[in-house]
>>> print(open('target33.tsv').read())   # TSV, C-alpha atoms
chain	number	residue	atom	x	y	z
A	26	MET	CA	30.47	-6.25	-30.18
A	27	LYS	CA	30.38	-10.03	-30.21
A	28	LEU	CA	30.46	-11.67	-26.80
A	29	PRO	CA	32.95	-14.47	-26.05
A	30	LEU	CA	31.55	-17.98	-26.44
A	31	SER	CA	31.99	-18.79	-22.74
A	32	LEU	CA	30.02	-15.69	-21.71
A	33	ARG	CA	27.26	-16.51	-24.18
A	34	VAL	CA	27.01	-20.02	-22.77
A	35	ILE	CA	26.77	-18.67	-19.22
A	36	LEU	CA	24.08	-16.16	-20.19
A	37	THR	CA	22.12	-18.89	-21.99
A	38	ILE	CA	22.28	-21.16	-18.95
A	39	CYS	CA	21.13	-18.34	-16.67
A	40	MET	CA	18.27	-17.53	-19.03
A	41	VAL	CA	17.13	-21.16	-19.13
A	42	ILE	CA	17.27	-21.43	-15.34
A	43	GLY	CA	15.29	-18.21	-14.95
A	44	LEU	CA	12.61	-19.31	-17.41
A	45	ALA	CA	12.41	-22.71	-15.73
A	46	LEU	CA	11.84	-21.14	-12.32
A	47	LEU	CA	9.06	-19.03	-13.81
A	48	TYR	CA	7.22	-21.56	-15.92
A	49	ILE	CA	7.70	-24.98	-14.28
A	50	PRO	CA	5.43	-24.04	-11.32
A	51	LEU	CA	2.80	-22.79	-13.78
A	52	ALA	CA	3.05	-26.04	-15.74
A	53	LEU	CA	2.55	-28.00	-12.51
A	54	ILE	CA	-0.67	-26.10	-11.84
A	55	VAL	CA	-2.02	-27.05	-15.25
A	56	LEU	CA	-0.88	-30.66	-14.75
A	57	ASN	CA	-2.51	-30.92	-11.34
A	58	SER	CA	-5.82	-29.71	-12.74
A	59	PHE	CA	-6.00	-33.10	-14.56
A	60	ASN	CA	-4.65	-35.13	-11.62
A	61	SER	CA	-7.20	-37.68	-10.43
A	62	SER	CA	-5.77	-37.60	-6.90
A	63	ARG	CA	-7.03	-35.03	-4.40
A	64	THR	CA	-3.62	-35.00	-2.72
A	65	PHE	CA	-1.84	-34.13	-5.97
A	66	GLY	CA	0.88	-36.72	-5.66
A	67	PHE	CA	3.65	-36.34	-8.21
A	68	PRO	CA	3.96	-37.79	-10.73
A	69	PRO	CA	0.20	-38.24	-11.27
A	70	THR	CA	-0.92	-41.86	-11.38
A	71	SER	CA	-3.87	-41.07	-13.64
A	72	PHE	CA	-5.67	-38.16	-15.26
A	73	THR	CA	-9.29	-37.05	-15.21
A	74	LEU	CA	-11.59	-34.27	-16.39
A	75	GLU	CA	-13.76	-34.56	-13.28
A	76	TRP	CA	-12.34	-31.45	-11.65
A	77	TRP	CA	-12.95	-29.39	-14.81
A	78	GLN	CA	-16.59	-30.47	-14.81
A	79	THR	CA	-16.90	-29.61	-11.13
A	80	ALA	CA	-15.33	-26.20	-11.66
A	81	ALA	CA	-17.71	-25.45	-14.55
A	82	GLN	CA	-20.62	-26.08	-12.17
A	83	SER	CA	-19.18	-24.18	-9.21
A	84	GLY	CA	-21.53	-21.34	-8.38
A	85	GLY	CA	-18.99	-19.63	-6.13
A	86	ALA	CA	-16.26	-19.60	-8.75
A	87	LEU	CA	-18.59	-18.37	-11.50
A	88	SER	CA	-20.00	-15.63	-9.29
A	89	ALA	CA	-16.50	-14.51	-8.31
A	90	LEU	CA	-15.48	-14.55	-11.98
A	91	GLY	CA	-18.40	-12.26	-12.85
A	92	THR	CA	-17.47	-9.87	-10.04
A	93	SER	CA	-13.85	-9.74	-11.21
A	94	MET	CA	-14.95	-9.09	-14.79
A	95	ILE	CA	-17.21	-6.21	-13.76
A	96	ALA	CA	-14.59	-4.67	-11.48
A	97	GLY	CA	-11.87	-5.06	-14.11
A	98	LEU	CA	-13.92	-3.52	-16.92
A	99	CYS	CA	-15.10	-0.57	-14.81
A	100	ALA	CA	-11.61	0.11	-13.45
A	101	MET	CA	-10.27	-0.13	-17.01
A	102	VAL	CA	-12.75	2.48	-18.30
A	103	ILE	CA	-11.98	4.88	-15.44
A	104	ALA	CA	-8.24	4.41	-15.91
A	105	LEU	CA	-8.55	4.87	-19.66
A	106	LEU	CA	-10.37	8.20	-19.30
A	107	LEU	CA	-8.38	9.71	-16.43
A	108	GLY	CA	-5.00	8.28	-17.46
A	109	THR	CA	-5.35	9.53	-21.02
A	110	MET	CA	-6.40	13.02	-19.96
A	111	ALA	CA	-3.56	13.23	-17.46
A	112	ALA	CA	-1.04	12.07	-20.08
A	113	PHE	CA	-2.21	14.67	-22.61
A	114	ALA	CA	-2.16	17.42	-19.99
A	115	VAL	CA	1.37	16.63	-18.82
A	116	GLN	CA	2.87	15.92	-22.24
A	117	ARG	CA	1.18	18.57	-24.38
A	118	PHE	CA	0.89	21.58	-22.05
A	119	ALA	CA	3.26	23.63	-19.91
A	120	PHE	CA	1.94	24.70	-16.51
A	121	PHE	CA	3.15	25.26	-12.97
A	122	GLY	CA	3.56	22.04	-10.99
A	123	LYS	CA	3.60	19.71	-14.00
A	124	SER	CA	6.38	17.56	-12.54
A	125	THR	CA	4.51	17.30	-9.24
A	126	ILE	CA	1.32	16.21	-10.99
A	127	SER	CA	3.23	13.55	-12.93
A	128	PHE	CA	4.81	12.31	-9.70
A	129	LEU	CA	1.44	12.12	-7.92
A	130	VAL	CA	-0.13	10.18	-10.79
A	131	ILE	CA	2.66	7.57	-10.79
A	132	LEU	CA	3.00	7.31	-6.99
A	133	PRO	CA	0.11	4.84	-6.28
A	134	ILE	CA	1.67	1.99	-8.23
A	135	THR	CA	5.02	2.41	-6.46
A	136	LEU	CA	3.45	2.04	-3.01
A	137	PRO	CA	3.08	-1.44	-1.47
A	138	GLY	CA	-0.41	-2.78	-2.06
A	139	ILE	CA	-1.05	-3.18	1.64
A	140	VAL	CA	-0.32	0.52	2.23
A	141	THR	CA	-2.73	1.53	-0.53
A	142	GLY	CA	-5.34	-0.88	0.80
A	143	ILE	CA	-5.13	0.40	4.36
A	144	ALA	CA	-5.31	4.02	3.20
A	145	LEU	CA	-8.35	3.35	1.02
A	146	ASN	CA	-10.06	1.35	3.75
A	147	ALA	CA	-9.56	4.16	6.27
A	148	THR	CA	-10.91	6.69	3.76
A	149	PHE	CA	-14.01	4.67	2.89
A	150	VAL	CA	-14.83	3.57	6.43
A	151	GLN	CA	-13.81	6.51	8.61
A	152	VAL	CA	-14.17	9.52	6.30
A	153	LEU	CA	-16.90	8.52	3.84
A	154	GLY	CA	-18.68	5.98	6.04
A	155	PRO	CA	-20.75	8.59	7.92
A	156	PHE	CA	-22.06	9.80	4.54
A	157	GLY	CA	-23.46	6.36	3.68
A	158	VAL	CA	-20.51	4.93	1.76
A	159	ALA	CA	-20.07	1.23	2.49
A	160	LEU	CA	-17.45	-1.24	1.32
A	161	GLY	CA	-18.63	-3.06	-1.80
A	162	LEU	CA	-18.14	-3.38	-5.53
A	163	ALA	CA	-17.94	0.39	-6.05
A	164	THR	CA	-15.10	0.76	-3.54
A	165	VAL	CA	-13.26	-2.16	-5.16
A	166	ILE	CA	-13.52	-0.45	-8.54
A	167	ILE	CA	-12.24	2.84	-7.14
A	168	GLY	CA	-9.37	1.06	-5.39
A	169	HIS	CA	-8.34	-0.73	-8.57
A	170	ALA	CA	-8.62	2.42	-10.67
A	171	THR	CA	-6.11	4.23	-8.45
A	172	PHE	CA	-3.23	2.11	-9.72
A	173	CYS	CA	-4.66	1.17	-13.14
A	174	ILE	CA	-4.54	4.85	-14.10
A	175	VAL	CA	-0.75	4.68	-13.97
A	176	ILE	CA	-0.63	1.93	-16.61
A	177	VAL	CA	-2.64	3.95	-19.12
A	178	TYR	CA	-0.83	7.16	-18.21
A	179	ASN	CA	2.62	5.68	-18.83
A	180	ASN	CA	1.62	4.06	-22.14
A	181	VAL	CA	-0.06	7.14	-23.57
A	182	GLN	CA	2.61	9.57	-22.36
A	183	ALA	CA	5.37	7.44	-23.86
A	184	ARG	CA	3.58	7.33	-27.20
A	185	LEU	CA	2.91	11.09	-27.19
A	186	ARG	CA	6.56	11.76	-26.42
A	187	ARG	CA	7.62	9.46	-29.25
A	188	VAL	CA	5.40	10.88	-32.00
A	189	GLY	CA	5.98	14.54	-31.10
A	190	THR	CA	3.77	17.36	-32.34
A	191	SER	CA	4.95	17.86	-35.90
A	192	LEU	CA	1.95	16.15	-37.51
A	193	GLU	CA	-0.47	17.98	-35.24
A	194	ASP	CA	1.16	21.31	-36.07
A	195	ALA	CA	0.97	20.52	-39.79
A	196	SER	CA	-2.71	19.64	-39.46
A	197	ALA	CA	-3.43	22.93	-37.69
A	198	ASP	CA	-1.48	24.87	-40.32
A	199	LEU	CA	-3.66	23.28	-43.01
A	200	GLY	CA	-6.79	24.61	-41.33
A	201	ALA	CA	-8.04	21.60	-39.36
A	202	SER	CA	-9.90	22.29	-36.14
A	203	GLY	CA	-8.78	20.90	-32.81
A	204	TRP	CA	-11.26	18.00	-32.94
A	205	GLN	CA	-10.36	17.18	-36.55
A	206	THR	CA	-6.68	17.11	-35.66
A	207	PHE	CA	-7.38	14.88	-32.67
A	208	TRP	CA	-9.52	12.30	-34.47
A	209	ARG	CA	-7.56	12.19	-37.73
A	210	VAL	CA	-3.99	12.67	-36.53
A	211	THR	CA	-3.52	12.30	-32.78
A	212	PHE	CA	-5.93	9.44	-32.08
A	213	PRO	CA	-4.52	7.10	-34.77
A	214	ASP	CA	-1.05	7.75	-33.34
A	215	VAL	CA	-2.01	6.85	-29.76
A	216	ARG	CA	-4.64	4.19	-30.51
A	217	GLY	CA	-2.21	1.30	-29.98
A	218	ALA	CA	-1.03	2.74	-26.67
A	219	LEU	CA	-4.64	3.17	-25.54
A	220	ILE	CA	-5.48	-0.44	-26.34
A	221	ALA	CA	-2.33	-1.74	-24.69
A	222	GLY	CA	-2.92	0.39	-21.59
A	223	ALA	CA	-6.56	-0.69	-21.36
A	224	VAL	CA	-5.71	-4.40	-21.68
A	225	LEU	CA	-2.94	-4.20	-19.08
A	226	ALA	CA	-5.14	-2.18	-16.72
A	227	PHE	CA	-7.88	-4.83	-16.96
A	228	ALA	CA	-5.38	-7.62	-16.35
A	229	LEU	CA	-3.90	-5.80	-13.35
A	230	SER	CA	-7.34	-5.24	-11.87
A	231	PHE	CA	-8.51	-8.78	-12.57
A	232	ASP	CA	-5.80	-10.48	-10.49
A	233	GLU	CA	-5.47	-7.87	-7.72
A	234	ILE	CA	-5.93	-9.31	-4.23
A	235	VAL	CA	-4.18	-7.11	-1.65
A	236	VAL	CA	-6.08	-3.86	-2.28
A	237	THR	CA	-9.27	-5.85	-2.88
A	238	THR	CA	-8.99	-7.43	0.57
A	239	PHE	CA	-9.21	-4.00	2.21
A	240	THR	CA	-11.89	-2.51	-0.06
A	241	ALA	CA	-14.28	-5.37	-0.85
A	242	GLY	CA	-16.20	-5.81	2.38
A	243	PRO	CA	-17.79	-9.09	3.50
A	244	ALA	CA	-20.35	-9.33	0.66
A	245	ILE	CA	-17.97	-9.02	-2.31
A	246	GLN	CA	-15.68	-11.80	-3.47
A	247	THR	CA	-13.55	-11.50	-6.58
A	248	LEU	CA	-11.92	-14.51	-8.21
A	249	PRO	CA	-8.51	-14.01	-6.53
A	250	LEU	CA	-10.26	-13.74	-3.15
A	251	TRP	CA	-12.26	-16.89	-3.91
A	252	ILE	CA	-9.09	-18.78	-4.83
A	253	PHE	CA	-7.32	-17.65	-1.66
A	254	SER	CA	-10.27	-18.50	0.61
A	255	ASN	CA	-10.67	-21.99	-0.89
A	256	LEU	CA	-6.99	-22.80	-1.35
A	257	PHE	CA	-6.63	-24.74	1.92
A	258	ARG	CA	-9.99	-26.53	1.80
A	259	PRO	CA	-9.35	-30.18	0.82
A	260	ASN	CA	-12.65	-30.55	-1.03
A	261	GLN	CA	-12.08	-27.39	-3.07
A	262	ALA	CA	-8.36	-27.79	-3.80
A	263	PRO	CA	-8.87	-29.59	-7.17
A	264	VAL	CA	-11.34	-26.92	-8.30
A	265	VAL	CA	-8.91	-24.19	-7.28
A	266	ASN	CA	-6.25	-25.83	-9.43
A	267	VAL	CA	-8.60	-25.86	-12.42
A	268	VAL	CA	-9.46	-22.18	-11.97
A	269	ALA	CA	-5.76	-21.33	-11.59
A	270	ALA	CA	-4.94	-23.33	-14.73
A	271	VAL	CA	-7.58	-21.45	-16.70
A	272	LEU	CA	-6.18	-18.14	-15.49
A	273	VAL	CA	-2.65	-19.17	-16.50
A	274	VAL	CA	-3.82	-19.90	-20.04
A	275	VAL	CA	-6.07	-16.84	-20.30
A	276	ALA	CA	-3.32	-14.55	-18.97
A	277	VAL	CA	-1.45	-15.08	-22.23
A	278	ILE	CA	-4.12	-13.12	-24.12
A	279	PRO	CA	-3.73	-9.66	-22.50
A	280	VAL	CA	0.06	-9.94	-22.56
A	281	TRP	CA	0.04	-10.79	-26.27
A	282	LEU	CA	-2.45	-8.03	-27.06
A	283	ALA	CA	-0.44	-5.47	-25.10
A	284	GLN	CA	2.73	-6.41	-27.00
A	285	ARG	CA	0.86	-6.42	-30.29
A	286	PHE	CA	-0.64	-2.96	-29.90
A	287	SER	CA	2.21	-1.23	-28.07
A	288	GLY	CA	4.55	-1.66	-31.03
A	289	ASP	CA	6.00	1.34	-32.78
A	290	SER	CA	3.07	1.69	-35.18
A	291	ALA	CA	3.05	5.45	-34.85
A	292	THR	CA	6.53	5.97	-36.21
A	293	SER	CA	5.84	3.65	-39.12
A	294	ARG	CA	3.14	6.03	-40.30
A	295	VAL	CA	5.55	8.94	-40.65
>>> encode(input="target33.tsv", output="structure tokens")
Amino acid sequence: MKLPLSLRVILTICMVIGLALLYIPLALIVLNSFNSSRTFGFPPTSFTLEWWQTAAQSGGALSALGTSMIAGLCAMVIALLLGTMAAFAVQRFAFFGKSTISFLVILPITLPGIVTGIALNATFVQVLGPFGVALGLATVIIGHATFCIVIVYNNVQARLRRVGTSLEDASADLGASGWQTFWRVTFPDVRGALIAGAVLAFALSFDEIVVTTFTAGPAIQTLPLWIFSNLFRPNQAPVVNVVAAVLVVVAVIPVWLAQRFSGDSATSRV
């Protein structure tokens, strides 16, 4: 059904306004990273690369970047393993309480981050603290993995539901073992969903700040925590803008990869 011209014009205007509200602030961050003024007056009177050079030599920012990379990669691996196994169990097998298990797996990402952070902090400090568990990088990774699992779980379960079991049944009928069927039939079908889930899980972990605040402890500082702690320091404000600008540009990569690999490649093989 073709929409009336007036309605199409209204929808186009609304779309443009929505995109402007989303991307104009991001463009201002990138612009301010080249602003020679520390006060970021607008429009900029001149441009400089001084802040980019300062950011490249900032030990605090580089250390926080390394911590975020380690936490993101470890949380991604944990989420990839546990999320995939949970998706296969729920989608491929019938057992008592399957709906409850699916609900419990998805629940962490629906909770406010502050609730998850407080709950994890209480568990690590009050329950596991007497056994020698202290807040640090390991607790940050565990905290991030709790909600990253959901991303992988949803991607893999959706792909398994879409491809069905016909090819797997045909492989078994032809005499293939369970592992042969998995590696030659099932894995190629879900490979794109695994990659997309892993990339999104890493991205979600990398920019997480609320849960990290409650699970990091005083000795650990991820990049989002470093940005937040230096945001209102006049001497560090230009460097913060540079780091934020880099993150804006780099954030395009996981989004593009997730879209690229979450396409309907499985059905095109049939």
>>> residues_near_point(input="target33.tsv", point="(-9.4, -3.1, 5.5)", cutoff="6 Å", atoms="only C-alpha atoms", output="list in words")
Ile143, Asn146 and Phe239 of chain A
>>> closest_residue(input="target33.tsv", among="A:Leu225, A:His169, A:Arg184, A:Ile134", to="Trp281 (chain A)", atoms="all atoms listed in the file")
A:Leu225
>>> closest_atom_pairs(input="target33.tsv", of="region 140-196 of chain A", to="region 117-132 of chain A", cutoff="9 Å", atoms="only C-alpha atoms", output="Markdown table")
| residue | atom | partner | partner_atom | distance |
| --- | --- | --- | --- | --- |
| A:Thr171 | CA | A:Val130 | CA | 8.8 |
| A:Phe172 | CA | A:Ile131 | CA | 8.1 |
| A:Ile174 | CA | A:Val130 | CA | 7.7 |
| A:Val175 | CA | A:Ile131 | CA | 5.5 |
| A:Ile176 | CA | A:Ile131 | CA | 8.7 |
| A:Tyr178 | CA | A:Val130 | CA | 8.0 |
| A:Asn179 | CA | A:Ile131 | CA | 8.3 |
| A:Leu185 | CA | A:Arg117 | CA | 8.2 |
| A:Arg186 | CA | A:Arg117 | CA | 8.9 |
| A:Thr190 | CA | A:Arg117 | CA | 8.5 |
>>> residues_around(input="target33.tsv", residues="Val264 (chain A)", least_positions_apart="2", cutoff="10 Å", atoms="only C-alpha atoms", output="PyMOL selection string")
chain A and resi 58+63+75-81+83+86+252+255-256+259-262+266-270
>>> closest_residue(input="target33.tsv", among="A:Ala100, A:Ala283, A:Leu46, A:Ile234", to="Thr141 (chain A)", atoms="only C-alpha atoms")
A:Ile234
>>> axis_aligned_box(input="target33.tsv", around="region 268-285 of chain A", padding_each_side="3 Å", output="JSON")
{"center_x": -3.4, "center_y": -14.4, "center_z": -20.9, "size_x": 18.2, "size_y": 23.9, "size_z": 24.7}
>>> residues_around(input="target33.tsv", residues="region 227-230 of chain A", least_positions_apart="4", cutoff="8 Å", atoms="all atoms listed in the file", output="PDB file with C-alpha atoms, in the frame of the given file")
ATOM      1  CA  SER A  93     -13.850  -9.740 -11.210  1.00  0.00           C
ATOM      2  CA  ALA A  96     -14.590  -4.670 -11.480  1.00  0.00           C
ATOM      3  CA  GLY A  97     -11.870  -5.060 -14.110  1.00  0.00           C
ATOM      4  CA  LEU A  98     -13.920  -3.520 -16.920  1.00  0.00           C
ATOM      5  CA  ALA A 100     -11.610   0.110 -13.450  1.00  0.00           C
ATOM      6  CA  MET A 101     -10.270  -0.130 -17.010  1.00  0.00           C
ATOM      7  CA  HIS A 169      -8.340  -0.730  -8.570  1.00  0.00           C
ATOM      8  CA  ALA A 170      -8.620   2.420 -10.670  1.00  0.00           C
ATOM      9  CA  CYS A 173      -4.660   1.170 -13.140  1.00  0.00           C
ATOM     10  CA  ALA A 223      -6.560  -0.690 -21.360  1.00  0.00           C
ATOM     11  CA  ALA A 276      -3.320 -14.550 -18.970  1.00  0.00           C
ATOM     12  CA  PRO A 279      -3.730  -9.660 -22.500  1.00  0.00           C
TER      13      PRO A 279
END
